[in-house]
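Undergrad: If you scroll down you'll find the structure; I have some questions about it.
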Amino acid sequence: MGAVLRVGLTGGIGSGKSTVAAAWQALGAWVVDADAVSRALTAPGGAAIEPIRQAFGPDFIAPDGALDRARMRERVFQDAQARQQLEAILHPLVAEATRAEALRAQAAAAALVLFDIPLLVESGRWRMQLDRVVVVDCLPETQVRRVMSRSGLAEDEVRRIMRAQAPREQRLAAADAVVFNDGLSLEQLRTEVRALSQCFGL
């Protein structure tokens with residue numbers, strides 16, 4: 001990919017990863033949002049809908065033709081094999097779409113492509129495609145508080161989601177750099193991102 005720096009951004013739910021991605025985008029980074037790609041693939045008419053229907057049955061497709069996210073979330077939380085089956089459908093499609101987006105970034109002469117990947121560590125397949133991995137980190141209690149505040153989920157549901165993600169220690173071990181987003185104002189967080197961008201030579 002020439003001189004384009006490929007940076008993977010990840011973090012646990014409620015860590016502030018999306019805010020960090022937005023700050024990097026404001027600095028000129030080309031952001032590839034893996035979650036947005038996945039949502040498009042599972043929207044009505046998305047490329048993943050028919051394979052999901054065939055694998056899981058019509059009950060997992062909502063009346064509007066999109067993936068029934070609530071039903072699927074409950075299924076994969078309870079059944080590790082179902083999670084693997086869903087990932088086997090989605091991961092190749094997400095990889096293909098993100099590669100295409102990265103090529104567009106290269107054609108646009110972007111200096112940095114930021115891959116916003118919630119499950120970067122869990123997937124085990126991204127590291128070789130990246131030059132750097134940045135982890136957005138905060139205390140677990142901060143994660144719980146933020147997610148409860150923004151989503152209305154109960155504490156036990158938030159903690160269940162957190163347990164389904166990679167442990168905090170595993171994410172930190174995979175990091176080339178860490179943004180510790182706990183107790184920072186938005187401007188302080190943006191300053192951290194600017195400093196890290198400069199460290200990357202941008």
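Here's how to read the names in the structure tokens: chain A, B, ... by the order shown, residue numbers from 1 in each chain, ligand numbers from 1 in the order shown.
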DSSP on the backbone, then: every residue of segment 110-176 of chain A marked alpha helix (DSSP H), written as a PyMOL selection string.

TA: chain A and resi 120-123+140-151+155-164+168-173

Undergrad: Would you save the residues from that selection as a PDB file, in the first residue's frame, using C-alpha atoms?

TA:
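Output contents, as saved in again03.pdb:
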```
ATOM      1  CA  LEU A 120      -9.402  -6.581  16.306  1.00  0.00           C
ATOM      2  CA  VAL A 121      -7.797  -8.689  19.040  1.00  0.00           C
ATOM      3  CA  GLU A 122     -10.571 -11.281  19.108  1.00  0.00           C
ATOM      4  CA  SER A 123     -10.497 -11.923  15.367  1.00  0.00           C
ATOM      5  CA  PRO A 140     -13.766  -1.250  33.593  1.00  0.00           C
ATOM      6  CA  GLU A 141     -16.052   0.726  35.905  1.00  0.00           C
ATOM      7  CA  THR A 142     -15.811   3.647  33.491  1.00  0.00           C
ATOM      8  CA  GLN A 143     -16.860   1.360  30.639  1.00  0.00           C
ATOM      9  CA  VAL A 144     -19.913   0.203  32.569  1.00  0.00           C
ATOM     10  CA  ARG A 145     -20.941   3.731  33.510  1.00  0.00           C
ATOM     11  CA  ARG A 146     -20.588   5.082  29.980  1.00  0.00           C
ATOM     12  CA  VAL A 147     -22.487   2.257  28.316  1.00  0.00           C
ATOM     13  CA  MET A 148     -25.317   2.347  30.861  1.00  0.00           C
ATOM     14  CA  SER A 149     -25.597   6.101  30.378  1.00  0.00           C
ATOM     15  CA  ARG A 150     -25.710   6.054  26.583  1.00  0.00           C
ATOM     16  CA  SER A 151     -27.669   2.876  25.916  1.00  0.00           C
ATOM     17  CA  GLU A 155     -25.272  -3.236  34.487  1.00  0.00           C
ATOM     18  CA  ASP A 156     -25.346  -7.041  34.234  1.00  0.00           C
ATOM     19  CA  GLU A 157     -26.006  -6.804  30.480  1.00  0.00           C
ATOM     20  CA  VAL A 158     -23.079  -4.431  30.002  1.00  0.00           C
ATOM     21  CA  ARG A 159     -20.785  -6.702  31.970  1.00  0.00           C
ATOM     22  CA  ARG A 160     -21.944  -9.677  29.925  1.00  0.00           C
ATOM     23  CA  ILE A 161     -20.955  -7.840  26.734  1.00  0.00           C
ATOM     24  CA  MET A 162     -17.593  -6.984  28.278  1.00  0.00           C
ATOM     25  CA  ARG A 163     -16.973 -10.635  29.185  1.00  0.00           C
ATOM     26  CA  ALA A 164     -17.657 -11.618  25.566  1.00  0.00           C
ATOM     27  CA  ARG A 168      -8.445  -5.783  28.923  1.00  0.00           C
ATOM     28  CA  GLU A 169      -4.995  -7.289  29.511  1.00  0.00           C
ATOM     29  CA  GLN A 170      -5.096  -9.100  26.165  1.00  0.00           C
ATOM     30  CA  ARG A 171      -5.966  -5.900  24.300  1.00  0.00           C
ATOM     31  CA  LEU A 172      -3.165  -3.985  26.027  1.00  0.00           C
ATOM     32  CA  ALA A 173      -0.679  -6.742  25.219  1.00  0.00           C
TER      33      ALA A 173
END
```

Undergrad: Mind checking which residues fall within 8 Å of Val94 of chain A, counting only C-alpha atoms, ignoring those fewer than 3 positions away in the same chain, and posting them as a VMD selection string?

TA: chain A and resid 34 37 to 38 41 90 to 91 97 to 98

Undergrad: Give me the residues within 12 Å of Leu86 of chain A as an MDAnalysis selection string, counting only C-alpha atoms and dropping any in the same chain fewer than 4 places off.

TA: chainID A and resid 38 42 48:49 51:56 60 67 69 72:73 75:77 79:82 90:93

Undergrad: Please produce an output containing N, CA and C atoms for each residue in the selection, written as a compact mmCIF listing (two decimals), in the first residue's frame.

TA:
```
# COMPACT_ATOMS: atom_id res chain seq x y z
N SER A 38 -20.00 -3.84 8.62
CA SER A 38 -20.80 -4.99 9.03
C SER A 38 -22.29 -4.67 9.03
N THR A 42 -25.39 -6.39 6.74
CA THR A 42 -26.55 -7.04 7.36
C THR A 42 -27.81 -6.18 7.30
N ALA A 48 -24.63 -10.19 3.31
CA ALA A 48 -24.61 -11.25 4.32
C ALA A 48 -25.99 -11.82 4.63
N ILE A 49 -27.04 -11.16 4.18
CA ILE A 49 -28.38 -11.55 4.59
C ILE A 49 -28.74 -12.96 4.12
N PRO A 51 -26.77 -15.56 3.11
CA PRO A 51 -26.01 -16.61 3.83
C PRO A 51 -26.46 -16.79 5.27
N ILE A 52 -26.83 -15.71 5.95
CA ILE A 52 -27.32 -15.82 7.33
C ILE A 52 -28.67 -16.53 7.35
N ARG A 53 -29.53 -16.21 6.40
CA ARG A 53 -30.83 -16.88 6.34
C ARG A 53 -30.66 -18.38 6.14
N GLN A 54 -29.72 -18.74 5.26
CA GLN A 54 -29.50 -20.15 4.99
C GLN A 54 -28.89 -20.88 6.19
N ALA A 55 -28.01 -20.19 6.92
CA ALA A 55 -27.32 -20.82 8.04
C ALA A 55 -28.17 -20.89 9.31
N PHE A 56 -28.96 -19.84 9.55
CA PHE A 56 -29.67 -19.74 10.83
C PHE A 56 -31.19 -19.83 10.70
N PHE A 60 -34.16 -15.28 11.94
CA PHE A 60 -33.11 -14.33 12.29
C PHE A 60 -33.07 -13.14 11.32
N LEU A 67 -30.87 -8.09 9.29
CA LEU A 67 -30.59 -9.03 10.36
C LEU A 67 -31.34 -8.62 11.62
N ARG A 69 -30.91 -8.16 14.89
CA ARG A 69 -29.70 -8.07 15.71
C ARG A 69 -29.92 -8.57 17.14
N MET A 72 -30.08 -12.37 17.11
CA MET A 72 -28.77 -12.95 16.82
C MET A 72 -27.81 -12.74 17.98
N ARG A 73 -27.85 -11.55 18.59
CA ARG A 73 -26.97 -11.28 19.73
C ARG A 73 -27.22 -12.28 20.85
N ARG A 75 -28.45 -15.27 20.55
CA ARG A 75 -28.03 -16.61 20.10
C ARG A 75 -26.52 -16.79 20.24
N VAL A 76 -25.75 -15.81 19.76
CA VAL A 76 -24.30 -16.01 19.77
C VAL A 76 -23.71 -15.86 21.17
N PHE A 77 -24.40 -15.13 22.06
CA PHE A 77 -23.92 -15.08 23.44
C PHE A 77 -24.06 -16.44 24.11
N ASP A 79 -24.22 -19.47 22.44
CA ASP A 79 -23.75 -20.59 21.64
C ASP A 79 -22.47 -20.20 20.91
N ALA A 80 -21.34 -20.70 21.38
CA ALA A 80 -20.06 -20.34 20.77
C ALA A 80 -19.97 -20.83 19.34
N GLN A 81 -20.59 -21.96 19.04
CA GLN A 81 -20.55 -22.48 17.67
C GLN A 81 -21.33 -21.56 16.73
N ALA A 82 -22.45 -21.02 17.23
CA ALA A 82 -23.22 -20.07 16.42
C ALA A 82 -22.42 -18.80 16.16
N LEU A 90 -19.45 -13.39 8.11
CA LEU A 90 -19.21 -11.94 8.08
C LEU A 90 -17.75 -11.57 7.82
N HIS A 91 -16.82 -12.27 8.44
CA HIS A 91 -15.42 -11.83 8.38
C HIS A 91 -14.87 -11.73 6.97
N PRO A 92 -15.08 -12.72 6.10
CA PRO A 92 -14.56 -12.56 4.74
C PRO A 92 -15.19 -11.39 3.99
N LEU A 93 -16.48 -11.15 4.23
CA LEU A 93 -17.17 -10.04 3.56
C LEU A 93 -16.66 -8.69 4.09
```

Undergrad: Quick check for you: according to DSSP on this backbone, which residues of segment 12-79 of chain A are classed as strand (DSSP E)? Reply as a PyMOL selection string.

TA: chain A and resi 30-33

Undergrad: For segment 8-50 of chain A against segment 193-196 of chain A, with a cut-off of 8 Å and counting only C-alpha atoms, what is the closest atom pair and its distance in Å to one decimal for every residue that makes the cut, ordered by chain and number, as a Markdown table?

TA:
```
| residue | atom | partner | partner_atom | distance |
| --- | --- | --- | --- | --- |
| A:Val20 | CA | A:Val193 | CA | 7.0 |
| A:Ala23 | CA | A:Val193 | CA | 6.9 |
| A:Trp24 | CA | A:Val193 | CA | 6.6 |
| A:Leu27 | CA | A:Arg194 | CA | 7.6 |
```

Undergrad: Report as JSON lines: every residue of segment 51-109 of chain A with an atom at most 12 Å from segment 5-19 of chain A, its closest pair of atoms, and their distance in Å to one decimal, counting only C-alpha atoms, with rows sorted by chain and ascending residue number.

TA:
```
{"residue": "A:Thr98", "atom": "CA", "partner": "A:Arg6", "partner_atom": "CA", "distance": 11.7}
{"residue": "A:Arg99", "atom": "CA", "partner": "A:Arg6", "partner_atom": "CA", "distance": 11.3}
{"residue": "A:Ala102", "atom": "CA", "partner": "A:Arg6", "partner_atom": "CA", "distance": 8.8}
{"residue": "A:Leu103", "atom": "CA", "partner": "A:Arg6", "partner_atom": "CA", "distance": 11.4}
{"residue": "A:Ala105", "atom": "CA", "partner": "A:Arg6", "partner_atom": "CA", "distance": 10.5}
{"residue": "A:Gln106", "atom": "CA", "partner": "A:Leu5", "partner_atom": "CA", "distance": 9.9}
{"residue": "A:Ala109", "atom": "CA", "partner": "A:Leu5", "partner_atom": "CA", "distance": 11.0}
```
